[in-house]
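> Below are the structure tokens for one structure; questions will follow.
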Amino acid sequence: MKPREPSEARRGRLTGLLLAGAVLLAGLAVVISVYAVMRGAQRENAERVMDQRTEMARAAVQTETERYRSLVETAAAGISTDAGLTWAEFDAATAPLATANLIGAASLAYVVPVRTSDIPAQQALWRSRGASGLELHAAVPTDEHFFSIYTRQLAAQGRPMNGLDVAAAPEAAAALTDARRIGQPSVSDAYVLLRDRNLPAAQQQRSFVFAAPIWTKANTPQFRGWLVLGLRGQDFLTGMLRTVSQNQLDGALLATNRDGRTPVVAEYTVPGRTDLDRTADLVVADRGWTLITRADASHLPGASSRLPLTVLLTGIALAVLLAGLVYVLATGRARAWAKVQEATTDLRAAEEESRRQAGLLGAIMASISDAVGVVDERGAFLLHNPAARDLLGVAEDENDPQEWQKHYGLFRPDGRTPFPVDETPLIRALHGEACDGVEMIVRNDRRPEGVLVSVDGRPLDTSADRHGAVAVFHDITELRRYENDLAVFAGVVAHDLKAPLTVIRGHSEAAVEDLPPGTGVERSLERIILAVDRMAGLIDTLLAYSTARDAPLRLRRVDLGALVAEVVHDRTAHLRPEDHPEITVGELPEVTADPAMLRHVLDNLIGNALKYVRPGTDPRVGVSGVTEHGQARIEVADRGIGIPDDAKDDVFDRFHRAHAEAGYAGTGLGLAICKRIVERHGGEIGVSDNPGGGTRFQFTLPLLKENEMRADHDDAATRAALERALAERAAMENARLPGLSALPAADPSSHDPAAARLRAPVPDHHPRADHE
Ligand code: ATP
Ligand code: MG
């Protein structure tokens with residue numbers, strides 16, 4: 001379950017948001033202020049530049065118009081000295097103007113006033129002075145006309161003006177009249193020059209004329225005429241502003257007419273919008289002009305930089321980043337706190353769970369009846385349950401394994417031999433060996449009667465680098481006592497069963513002998529005898545099985561070679577001449593064992609090797625032995641029918657027969673007895689395929705020393721009880737059936753010739769033999 005978000009974390013996040021918001025706002029405010037200041041500075045710059053540019057433009061227009069005026073005036077003064085001005089003199093006097101680079105200037109003309117009546121005479125006069133082909137025609141019905149006599153072209157456009165009646169243009173006529181009146185150069189209102197009036201409408205532009213009066217310098221000055229400079233307004237303004245504005249200024253030139261109106265004479269535009277404008281007044285000759293300038297502030301030098309925008313964007317980004325950083329830092333503590341809370345909750349849950357597990361484990365340990373003890377890697381007790389305390393009968397733990405034997409009173413099952421500490425299941429488990437069913441007797445002050453326990457030990461991994469061991473103790477005192485009673489009971493029952501069988505056999509044999517031949521009853525009696533023998537054999541085997549488990553081990557040094565030779569002899573002595581078993585016996589070590597029991601093992605293994613061959617085949621058996629790792633390993637190999645793989649593990653079980661269908665005689669108890677005997681000697685037995693065909697049985701026997709030989713005290717007790725019970729029964733039987741008890745037991749497999757050959761003789765050490 002996800003833990004509820006603690007209010008601390010929520011508060012932390014809120015604080016983080018507020019702080020981050022404040023930082024963002026402050027950052028944005030600073031950035032916007034800086035941007036505004038920079039933009040302001042830029043605007044100021046632009047205004048200043050605009051002022052400068054406007055002033056430059058105004059000065060340029062002013063200077064240039066002033067120059068035109070003075071040039072015309074100077075030229076007029078130069079001409080005034082000459083009473084009869086010839087074309088040549090005019091040409092010479094006005095030559096400097098041709099190279100004066102007068103922007104927008106169209107032409108310069110010498111204009112004289114002529115009365116209508118004087119036109120023919122004046123025409124002749126001026127023709128005579130060099131105005132060849134001059135024709136004077138009145139253009140307006142006035143008395144006085146202003147005819148252009150000589151003309152100097154200053155621009156390519158327009159037709160020549162010679163002979164034009166300037167009075168046809170009232171604006172020019174007014175300027176001429178003013179100039180004559182005031183004796184100073186005068187400038188006209190804007191109009192389309194007469195010489196331009198035949199141009200296409202698009203090329204016509206508003207223009208001016210500068211008119212400078214020409215007066216003689218005599219004592220009584222006489223008026224001669226005017227020098228008139230025609231100026232095209234658009235060309236003039238474009239020429240002026242193109243240089244000054246550097247393509248950043250728009251401009252408009254307004255002239256003040258004689259009637260007070262201020263029409264736009266010319267306009268100069270550059271592409272783009274404009275947001276700055278200025279108005280500048282200037283004086284041109286006798287009139288006032290106005291120059292209007294416009295510009296886009298962002299295009300003016302010092303105002304065109306993108307720096308403020310860059311600063312604005314970078315500043316916003318930095319403010320956002322800073323706010324983010326502040327949020328992360330401010331909420332860091334809250335997040336860490338939330339993590340700690342989460343971890344603490346998990347930890348609590350884990351602690352709760354382990355407490356529950358520990359409680360459960362404790363309850364289980366307290367409730368189970370088997371004793372459990374756990375030690376660490378040094379053998380110190382970590383844990384044991386109440387059952388362990390009860391079973392061992394000692395209140396205090398002993399943590400030094402060397403002291404366990406004395407402290408707890410641990411003995412071998414014989415009840416006398418102290419149990420070696422290295423063989424205790426806990427120590428074996430600490431060495432990594434799992435062991436089951438290790439029997440020992442616990443006898444101490446609190447348990448003076450002694451308890452027989454069976455102990456299982458297992459290594460334990462308590463943690464990655466710590467090891468330990470656990471042992472479970474079962475009290476088997478009662479169980480063993482019950483088993484012993486059962487064994488005694490089985491022995492007595494088996495023995496009791498044999499007595500009536502002996503009687504039946506004896507009487508049957510007597511009857512066969514007594515009956516006259518040919519009655520047909522003989523066959524039935526012989527079958528009875530065979531059945532009795534089989535039953536007696538079965539009982540013998542059952543007794544042998546019981547003996548193998550319960551009879552005391554009488555250990556002594558045994559010459560294995562001699563024992564095998566004896567068994568082989570017994571197995572082959574009664575064979576028919578046509579049977580040729582091939583038995584090879586190798587070098588065999590001396591071992592310490594119970595000779596009678598060991599004989600039973602060898603007899604059964606060799607007997608099996610001779611028995612389980614294909615009919616008509618001679619058995620081949622090899623017996624060999626080696627000493628290795630302190631123990632003897634004996635091998636009985638044959639070339640018989642072999643044992644299927646899936647039956648190999650089971651042949652050591654009681655009554656298990658791998659070839660039951662094949663008709664080989666047997667009870668299936670032989671190998672179970674062998675296994676018991678070998679294990680009671682502390683060895684192991686196993687079977688495998690014999691390479692090349694057949695079967696190979698192997699068993700080991702520890703090379704025990706004489707002083708370590710031991711006998712099982714319980715077995716001894718069982719044995720004593722069994723002997724006592726059998727003696728009583730035998731006495732009773734002998735009393736009832738004198739003469740029959742001594743009858744020999746027949747071979748139970750005698751109906752089967754092959755099996756009869758292989759039938760193992762009843763071991764001579766069998767306890768029953770002592771009482772029969
Ligand atoms: P018993 O020995 O009691 O007279 P048994 O020989 O049948 O009877 P075990 O000696 O216990 O019983 O053998 C068990 C089974 O293992 C046999 O029935 C047989 O099938 C198989 N067996 C034992 N030894 C051999 C062998 N050498 N070759 C082939 N099979 C064998
Ligand atoms: Mg057998």
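Residues in the structure tokens are numbered from 1 in each chain, the chains being A, B, ... in the order shown, and ligands are numbered from 1 in the order shown.
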For the helix (DSSP H, G or I) assignment from backbone DSSP, which residues of segment 85-245 of chain A qualify? Please present them as a PDB file with N, CA, C and O atoms, in the first residue's frame.

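Wrote it out as result.pdb, contents follow:
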```pdb
ATOM      1  N   TRP A  87      25.501  87.077 -76.757  1.00  0.00           N
ATOM      2  CA  TRP A  87      25.447  85.626 -76.432  1.00  0.00           C
ATOM      3  C   TRP A  87      26.802  85.134 -75.939  1.00  0.00           C
ATOM      4  O   TRP A  87      26.901  84.402 -74.951  1.00  0.00           O
ATOM      5  N   ALA A  88      27.806  85.632 -76.537  1.00  0.00           N
ATOM      6  CA  ALA A  88      29.145  85.184 -76.168  1.00  0.00           C
ATOM      7  C   ALA A  88      29.479  85.592 -74.744  1.00  0.00           C
ATOM      8  O   ALA A  88      30.021  84.793 -73.962  1.00  0.00           O
ATOM      9  N   GLU A  89      29.048  86.860 -74.426  1.00  0.00           N
ATOM     10  CA  GLU A  89      29.351  87.328 -73.068  1.00  0.00           C
ATOM     11  C   GLU A  89      28.542  86.530 -72.034  1.00  0.00           C
ATOM     12  O   GLU A  89      29.046  86.181 -70.959  1.00  0.00           O
ATOM     13  N   PHE A  90      27.283  86.251 -72.378  1.00  0.00           N
ATOM     14  CA  PHE A  90      26.446  85.434 -71.484  1.00  0.00           C
ATOM     15  C   PHE A  90      27.049  84.040 -71.276  1.00  0.00           C
ATOM     16  O   PHE A  90      27.153  83.531 -70.157  1.00  0.00           O
ATOM     17  N   ASP A  91      27.445  83.504 -72.380  1.00  0.00           N
ATOM     18  CA  ASP A  91      28.029  82.156 -72.339  1.00  0.00           C
ATOM     19  C   ASP A  91      29.248  82.127 -71.430  1.00  0.00           C
ATOM     20  O   ASP A  91      29.390  81.232 -70.589  1.00  0.00           O
ATOM     21  N   ALA A  92      30.082  83.185 -71.567  1.00  0.00           N
ATOM     22  CA  ALA A  92      31.312  83.223 -70.765  1.00  0.00           C
ATOM     23  C   ALA A  92      30.981  83.430 -69.296  1.00  0.00           C
ATOM     24  O   ALA A  92      31.533  82.766 -68.414  1.00  0.00           O
ATOM     25  N   ALA A  93      29.999  84.300 -69.050  1.00  0.00           N
ATOM     26  CA  ALA A  93      29.689  84.636 -67.658  1.00  0.00           C
ATOM     27  C   ALA A  93      29.039  83.469 -66.907  1.00  0.00           C
ATOM     28  O   ALA A  93      29.212  83.306 -65.706  1.00  0.00           O
ATOM     29  N   THR A  94      28.318  82.652 -67.623  1.00  0.00           N
ATOM     30  CA  THR A  94      27.602  81.548 -66.934  1.00  0.00           C
ATOM     31  C   THR A  94      28.311  80.185 -67.031  1.00  0.00           C
ATOM     32  O   THR A  94      27.819  79.184 -66.491  1.00  0.00           O
ATOM     33  N   ALA A  95      29.460  80.228 -67.705  1.00  0.00           N
ATOM     34  CA  ALA A  95      30.178  78.942 -67.877  1.00  0.00           C
ATOM     35  C   ALA A  95      30.465  78.236 -66.539  1.00  0.00           C
ATOM     36  O   ALA A  95      30.309  77.006 -66.420  1.00  0.00           O
ATOM     37  N   PRO A  96      30.873  79.004 -65.453  1.00  0.00           N
ATOM     38  CA  PRO A  96      31.199  78.298 -64.204  1.00  0.00           C
ATOM     39  C   PRO A  96      30.017  77.492 -63.654  1.00  0.00           C
ATOM     40  O   PRO A  96      30.208  76.468 -62.989  1.00  0.00           O
ATOM     41  N   LEU A  97      28.796  77.910 -63.971  1.00  0.00           N
ATOM     42  CA  LEU A  97      27.649  77.168 -63.418  1.00  0.00           C
ATOM     43  C   LEU A  97      27.509  75.763 -64.016  1.00  0.00           C
ATOM     44  O   LEU A  97      26.953  74.854 -63.386  1.00  0.00           O
ATOM     45  N   ALA A  98      28.015  75.638 -65.249  1.00  0.00           N
ATOM     46  CA  ALA A  98      27.897  74.316 -65.891  1.00  0.00           C
ATOM     47  C   ALA A  98      28.662  73.243 -65.124  1.00  0.00           C
ATOM     48  O   ALA A  98      28.295  72.056 -65.122  1.00  0.00           O
ATOM     49  N   THR A 116       4.691  94.683 -75.233  1.00  0.00           N
ATOM     50  CA  THR A 116       4.100  94.023 -76.400  1.00  0.00           C
ATOM     51  C   THR A 116       4.456  94.761 -77.681  1.00  0.00           C
ATOM     52  O   THR A 116       4.815  94.160 -78.706  1.00  0.00           O
ATOM     53  N   SER A 117       4.461  96.068 -77.577  1.00  0.00           N
ATOM     54  CA  SER A 117       4.739  96.876 -78.759  1.00  0.00           C
ATOM     55  C   SER A 117       6.193  96.783 -79.186  1.00  0.00           C
ATOM     56  O   SER A 117       6.526  96.980 -80.353  1.00  0.00           O
ATOM     57  N   ASP A 118       7.065  96.469 -78.236  1.00  0.00           N
ATOM     58  CA  ASP A 118       8.500  96.410 -78.524  1.00  0.00           C
ATOM     59  C   ASP A 118       8.962  95.051 -79.040  1.00  0.00           C
ATOM     60  O   ASP A 118      10.152  94.871 -79.330  1.00  0.00           O
ATOM     61  N   ILE A 119       8.115  94.091 -79.107  1.00  0.00           N
ATOM     62  CA  ILE A 119       8.529  92.716 -79.414  1.00  0.00           C
ATOM     63  C   ILE A 119       9.333  92.612 -80.707  1.00  0.00           C
ATOM     64  O   ILE A 119      10.440  92.077 -80.691  1.00  0.00           O
ATOM     65  N   PRO A 120       8.860  93.174 -81.795  1.00  0.00           N
ATOM     66  CA  PRO A 120       9.635  93.033 -83.046  1.00  0.00           C
ATOM     67  C   PRO A 120      11.024  93.673 -82.938  1.00  0.00           C
ATOM     68  O   PRO A 120      12.023  93.104 -83.355  1.00  0.00           O
ATOM     69  N   ALA A 121      11.040  94.903 -82.334  1.00  0.00           N
ATOM     70  CA  ALA A 121      12.328  95.605 -82.222  1.00  0.00           C
ATOM     71  C   ALA A 121      13.305  94.814 -81.351  1.00  0.00           C
ATOM     72  O   ALA A 121      14.470  94.615 -81.710  1.00  0.00           O
ATOM     73  N   GLN A 122      12.792  94.306 -80.226  1.00  0.00           N
ATOM     74  CA  GLN A 122      13.649  93.540 -79.300  1.00  0.00           C
ATOM     75  C   GLN A 122      14.140  92.261 -79.965  1.00  0.00           C
ATOM     76  O   GLN A 122      15.298  91.862 -79.797  1.00  0.00           O
ATOM     77  N   GLN A 123      13.272  91.664 -80.739  1.00  0.00           N
ATOM     78  CA  GLN A 123      13.672  90.420 -81.437  1.00  0.00           C
ATOM     79  C   GLN A 123      14.865  90.702 -82.356  1.00  0.00           C
ATOM     80  O   GLN A 123      15.846  89.975 -82.363  1.00  0.00           O
ATOM     81  N   ALA A 124      14.764  91.777 -83.058  1.00  0.00           N
ATOM     82  CA  ALA A 124      15.835  92.116 -83.982  1.00  0.00           C
ATOM     83  C   ALA A 124      17.102  92.451 -83.206  1.00  0.00           C
ATOM     84  O   ALA A 124      18.207  92.002 -83.567  1.00  0.00           O
ATOM     85  N   LEU A 125      16.903  93.207 -82.101  1.00  0.00           N
ATOM     86  CA  LEU A 125      18.076  93.618 -81.308  1.00  0.00           C
ATOM     87  C   LEU A 125      18.858  92.412 -80.791  1.00  0.00           C
ATOM     88  O   LEU A 125      20.068  92.313 -80.960  1.00  0.00           O
ATOM     89  N   TRP A 126      18.132  91.508 -80.193  1.00  0.00           N
ATOM     90  CA  TRP A 126      18.809  90.381 -79.568  1.00  0.00           C
ATOM     91  C   TRP A 126      19.358  89.400 -80.589  1.00  0.00           C
ATOM     92  O   TRP A 126      20.399  88.782 -80.371  1.00  0.00           O
ATOM     93  N   ARG A 127      18.687  89.342 -81.732  1.00  0.00           N
ATOM     94  CA  ARG A 127      19.260  88.510 -82.805  1.00  0.00           C
ATOM     95  C   ARG A 127      20.621  89.072 -83.221  1.00  0.00           C
ATOM     96  O   ARG A 127      21.584  88.357 -83.439  1.00  0.00           O
ATOM     97  N   SER A 128      20.634  90.368 -83.201  1.00  0.00           N
ATOM     98  CA  SER A 128      21.877  91.011 -83.620  1.00  0.00           C
ATOM     99  C   SER A 128      22.988  90.790 -82.592  1.00  0.00           C
ATOM    100  O   SER A 128      24.171  90.801 -82.919  1.00  0.00           O
ATOM    101  N   VAL A 166       7.985  83.872 -70.238  1.00  0.00           N
ATOM    102  CA  VAL A 166       7.911  83.345 -68.862  1.00  0.00           C
ATOM    103  C   VAL A 166       6.623  83.817 -68.151  1.00  0.00           C
ATOM    104  O   VAL A 166       6.133  83.171 -67.253  1.00  0.00           O
ATOM    105  N   ALA A 167       6.058  84.914 -68.675  1.00  0.00           N
ATOM    106  CA  ALA A 167       4.822  85.409 -68.065  1.00  0.00           C
ATOM    107  C   ALA A 167       3.693  84.395 -68.156  1.00  0.00           C
ATOM    108  O   ALA A 167       2.706  84.480 -67.421  1.00  0.00           O
ATOM    109  N   ALA A 168       3.905  83.396 -69.021  1.00  0.00           N
ATOM    110  CA  ALA A 168       2.895  82.339 -69.128  1.00  0.00           C
ATOM    111  C   ALA A 168       2.801  81.528 -67.837  1.00  0.00           C
ATOM    112  O   ALA A 168       1.813  80.843 -67.582  1.00  0.00           O
ATOM    113  N   PRO A 170       2.507  82.074 -64.047  1.00  0.00           N
ATOM    114  CA  PRO A 170       2.311  83.167 -63.099  1.00  0.00           C
ATOM    115  C   PRO A 170       3.264  83.105 -61.906  1.00  0.00           C
ATOM    116  O   PRO A 170       3.727  84.129 -61.418  1.00  0.00           O
ATOM    117  N   GLU A 171       3.603  81.834 -61.430  1.00  0.00           N
ATOM    118  CA  GLU A 171       4.487  81.697 -60.272  1.00  0.00           C
ATOM    119  C   GLU A 171       5.850  82.292 -60.582  1.00  0.00           C
ATOM    120  O   GLU A 171       6.448  83.016 -59.778  1.00  0.00           O
ATOM    121  N   ALA A 172       6.357  81.990 -61.827  1.00  0.00           N
ATOM    122  CA  ALA A 172       7.667  82.517 -62.217  1.00  0.00           C
ATOM    123  C   ALA A 172       7.582  84.032 -62.411  1.00  0.00           C
ATOM    124  O   ALA A 172       8.459  84.779 -61.979  1.00  0.00           O
ATOM    125  N   ALA A 173       6.487  84.470 -63.040  1.00  0.00           N
ATOM    126  CA  ALA A 173       6.333  85.898 -63.307  1.00  0.00           C
ATOM    127  C   ALA A 173       6.328  86.693 -62.010  1.00  0.00           C
ATOM    128  O   ALA A 173       6.968  87.735 -61.883  1.00  0.00           O
ATOM    129  N   ALA A 174       5.633  86.083 -60.955  1.00  0.00           N
ATOM    130  CA  ALA A 174       5.580  86.761 -59.660  1.00  0.00           C
ATOM    131  C   ALA A 174       6.959  86.876 -59.050  1.00  0.00           C
ATOM    132  O   ALA A 174       7.310  87.911 -58.476  1.00  0.00           O
ATOM    133  N   ALA A 175       7.746  85.826 -59.171  1.00  0.00           N
ATOM    134  CA  ALA A 175       9.097  85.848 -58.614  1.00  0.00           C
ATOM    135  C   ALA A 175       9.937  86.916 -59.310  1.00  0.00           C
ATOM    136  O   ALA A 175      10.707  87.653 -58.673  1.00  0.00           O
ATOM    137  N   LEU A 176       9.778  86.997 -60.655  1.00  0.00           N
ATOM    138  CA  LEU A 176      10.549  87.970 -61.421  1.00  0.00           C
ATOM    139  C   LEU A 176      10.192  89.400 -60.987  1.00  0.00           C
ATOM    140  O   LEU A 176      11.053  90.255 -60.741  1.00  0.00           O
ATOM    141  N   THR A 177       8.899  89.574 -60.868  1.00  0.00           N
ATOM    142  CA  THR A 177       8.411  90.903 -60.488  1.00  0.00           C
ATOM    143  C   THR A 177       8.958  91.287 -59.114  1.00  0.00           C
ATOM    144  O   THR A 177       9.421  92.400 -58.895  1.00  0.00           O
ATOM    145  N   ASP A 178       8.889  90.286 -58.145  1.00  0.00           N
ATOM    146  CA  ASP A 178       9.394  90.532 -56.783  1.00  0.00           C
ATOM    147  C   ASP A 178      10.868  90.866 -56.792  1.00  0.00           C
ATOM    148  O   ASP A 178      11.327  91.780 -56.109  1.00  0.00           O
ATOM    149  N   ALA A 179      11.617  90.106 -57.552  1.00  0.00           N
ATOM    150  CA  ALA A 179      13.071  90.292 -57.587  1.00  0.00           C
ATOM    151  C   ALA A 179      13.393  91.686 -58.105  1.00  0.00           C
ATOM    152  O   ALA A 179      14.262  92.381 -57.567  1.00  0.00           O
ATOM    153  N   ARG A 180      12.660  92.137 -59.175  1.00  0.00           N
ATOM    154  CA  ARG A 180      12.911  93.449 -59.727  1.00  0.00           C
ATOM    155  C   ARG A 180      12.571  94.519 -58.693  1.00  0.00           C
ATOM    156  O   ARG A 180      13.288  95.483 -58.533  1.00  0.00           O
ATOM    157  N   ARG A 181      11.465  94.200 -57.956  1.00  0.00           N
ATOM    158  CA  ARG A 181      10.996  95.210 -56.992  1.00  0.00           C
ATOM    159  C   ARG A 181      11.947  95.342 -55.816  1.00  0.00           C
ATOM    160  O   ARG A 181      12.316  96.436 -55.430  1.00  0.00           O
ATOM    161  N   ILE A 182      12.387  94.185 -55.291  1.00  0.00           N
ATOM    162  CA  ILE A 182      13.197  94.260 -54.054  1.00  0.00           C
ATOM    163  C   ILE A 182      14.692  94.360 -54.348  1.00  0.00           C
ATOM    164  O   ILE A 182      15.505  94.568 -53.466  1.00  0.00           O
ATOM    165  N   LEU A 194       7.985  75.562 -67.514  1.00  0.00           N
ATOM    166  CA  LEU A 194       7.396  75.656 -68.857  1.00  0.00           C
ATOM    167  C   LEU A 194       8.071  74.663 -69.806  1.00  0.00           C
ATOM    168  O   LEU A 194       7.444  74.014 -70.632  1.00  0.00           O
ATOM    169  N   ARG A 195       9.358  74.546 -69.655  1.00  0.00           N
ATOM    170  CA  ARG A 195      10.115  73.658 -70.540  1.00  0.00           C
ATOM    171  C   ARG A 195       9.825  72.184 -70.305  1.00  0.00           C
ATOM    172  O   ARG A 195      10.186  71.332 -71.104  1.00  0.00           O
ATOM    173  N   ASP A 196       9.173  71.881 -69.096  1.00  0.00           N
ATOM    174  CA  ASP A 196       8.852  70.471 -68.801  1.00  0.00           C
ATOM    175  C   ASP A 196       7.414  70.115 -69.184  1.00  0.00           C
ATOM    176  O   ASP A 196       6.997  68.972 -69.054  1.00  0.00           O
ATOM    177  N   ALA A 201       3.324  63.096 -68.102  1.00  0.00           N
ATOM    178  CA  ALA A 201       2.881  63.564 -66.785  1.00  0.00           C
ATOM    179  C   ALA A 201       3.733  62.994 -65.650  1.00  0.00           C
ATOM    180  O   ALA A 201       4.029  63.663 -64.672  1.00  0.00           O
ATOM    181  N   ALA A 202       4.118  61.705 -65.769  1.00  0.00           N
ATOM    182  CA  ALA A 202       4.889  61.069 -64.700  1.00  0.00           C
ATOM    183  C   ALA A 202       6.256  61.710 -64.497  1.00  0.00           C
ATOM    184  O   ALA A 202       6.807  61.667 -63.403  1.00  0.00           O
ATOM    185  N   GLN A 203       6.777  62.320 -65.556  1.00  0.00           N
ATOM    186  CA  GLN A 203       8.116  62.909 -65.445  1.00  0.00           C
ATOM    187  C   GLN A 203       8.079  64.374 -65.036  1.00  0.00           C
ATOM    188  O   GLN A 203       9.121  64.955 -64.742  1.00  0.00           O
ATOM    189  N   GLY A 233      12.200  70.358 -58.185  1.00  0.00           N
ATOM    190  CA  GLY A 233      12.099  70.066 -56.739  1.00  0.00           C
ATOM    191  C   GLY A 233      12.408  68.608 -56.385  1.00  0.00           C
ATOM    192  O   GLY A 233      13.172  68.326 -55.462  1.00  0.00           O
ATOM    193  N   GLN A 234      11.845  67.689 -57.143  1.00  0.00           N
ATOM    194  CA  GLN A 234      12.034  66.268 -56.783  1.00  0.00           C
ATOM    195  C   GLN A 234      13.483  65.840 -56.941  1.00  0.00           C
ATOM    196  O   GLN A 234      14.055  65.181 -56.076  1.00  0.00           O
ATOM    197  N   ASP A 235      14.069  66.260 -58.064  1.00  0.00           N
ATOM    198  CA  ASP A 235      15.479  65.915 -58.295  1.00  0.00           C
ATOM    199  C   ASP A 235      16.357  66.501 -57.197  1.00  0.00           C
ATOM    200  O   ASP A 235      17.276  65.848 -56.691  1.00  0.00           O
ATOM    201  N   PHE A 236      16.018  67.762 -56.833  1.00  0.00           N
ATOM    202  CA  PHE A 236      16.809  68.434 -55.817  1.00  0.00           C
ATOM    203  C   PHE A 236      16.734  67.684 -54.489  1.00  0.00           C
ATOM    204  O   PHE A 236      17.748  67.347 -53.891  1.00  0.00           O
ATOM    205  N   LEU A 237      15.499  67.404 -54.048  1.00  0.00           N
ATOM    206  CA  LEU A 237      15.343  66.764 -52.733  1.00  0.00           C
ATOM    207  C   LEU A 237      15.968  65.362 -52.718  1.00  0.00           C
ATOM    208  O   LEU A 237      16.640  64.964 -51.778  1.00  0.00           O
ATOM    209  N   THR A 238      15.723  64.609 -53.784  1.00  0.00           N
ATOM    210  CA  THR A 238      16.299  63.260 -53.861  1.00  0.00           C
ATOM    211  C   THR A 238      17.824  63.330 -53.783  1.00  0.00           C
ATOM    212  O   THR A 238      18.455  62.572 -53.037  1.00  0.00           O
ATOM    213  N   GLY A 239      18.384  64.270 -54.513  1.00  0.00           N
ATOM    214  CA  GLY A 239      19.854  64.427 -54.509  1.00  0.00           C
ATOM    215  C   GLY A 239      20.370  64.769 -53.134  1.00  0.00           C
ATOM    216  O   GLY A 239      21.387  64.239 -52.695  1.00  0.00           O
ATOM    217  N   MET A 240      19.629  65.625 -52.437  1.00  0.00           N
ATOM    218  CA  MET A 240      20.060  66.042 -51.100  1.00  0.00           C
ATOM    219  C   MET A 240      19.992  64.874 -50.112  1.00  0.00           C
ATOM    220  O   MET A 240      20.950  64.559 -49.419  1.00  0.00           O
ATOM    221  N   LEU A 241      18.808  64.266 -50.052  1.00  0.00           N
ATOM    222  CA  LEU A 241      18.585  63.270 -48.998  1.00  0.00           C
ATOM    223  C   LEU A 241      19.294  61.935 -49.259  1.00  0.00           C
ATOM    224  O   LEU A 241      19.568  61.189 -48.323  1.00  0.00           O
ATOM    225  N   ARG A 242      19.533  61.660 -50.531  1.00  0.00           N
ATOM    226  CA  ARG A 242      20.179  60.367 -50.811  1.00  0.00           C
ATOM    227  C   ARG A 242      21.504  60.275 -50.070  1.00  0.00           C
ATOM    228  O   ARG A 242      21.831  59.266 -49.475  1.00  0.00           O
ATOM    229  N   THR A 243      22.247  61.343 -50.049  1.00  0.00           N
ATOM    230  CA  THR A 243      23.551  61.323 -49.381  1.00  0.00           C
ATOM    231  C   THR A 243      23.387  61.419 -47.872  1.00  0.00           C
ATOM    232  O   THR A 243      23.987  60.660 -47.114  1.00  0.00           O
ATOM    233  N   VAL A 244      22.527  62.365 -47.458  1.00  0.00           N
ATOM    234  CA  VAL A 244      22.444  62.635 -46.021  1.00  0.00           C
ATOM    235  C   VAL A 244      21.766  61.503 -45.247  1.00  0.00           C
ATOM    236  O   VAL A 244      22.198  61.112 -44.177  1.00  0.00           O
ATOM    237  N   SER A 245      20.699  60.944 -45.832  1.00  0.00           N
ATOM    238  CA  SER A 245      19.903  59.986 -45.044  1.00  0.00           C
ATOM    239  C   SER A 245      20.506  58.596 -44.976  1.00  0.00           C
ATOM    240  O   SER A 245      20.164  57.813 -44.098  1.00  0.00           O
TER     241      SER A 245
END
```
> Please, which residues in chain A fall within 6 Å of ligand 2 when counting only C-alpha atoms and all ligand atoms, and what is the closest atom pair and distance in Å to one decimal for each, ordered by chain then residue number, as CSV?

```
residue,atom,partner,partner_atom_place_in_ligand_line,distance
A:Asn604,CA,ligand 2,1 (Mg),5.1
A:Asn608,CA,ligand 2,1 (Mg),4.8
A:Gly670,CA,ligand 2,1 (Mg),4.4
```
> Please find the residues contacting ligand 1 at a distance of at most 6 Å between atoms, with only C-alpha atoms and all ligand atoms counted, and report them as an MDAnalysis selection string.
chainID A and resid 604 608:609 612 640:643 651 656:659 666:672 695
> Given the choices A:Ala76, A:Ala266, A:Ala536, A:Ile606, which gets closest to Glu566 of chain A if the distance is worked out from only C-alpha atoms?
A:Ile606
> Between A:Glu684, A:Asp165, A:Asp189, A:Asp594, which residue has the minimum interatomic distance to Trp289 of chain A, considering only C-alpha atoms?
A:Asp189
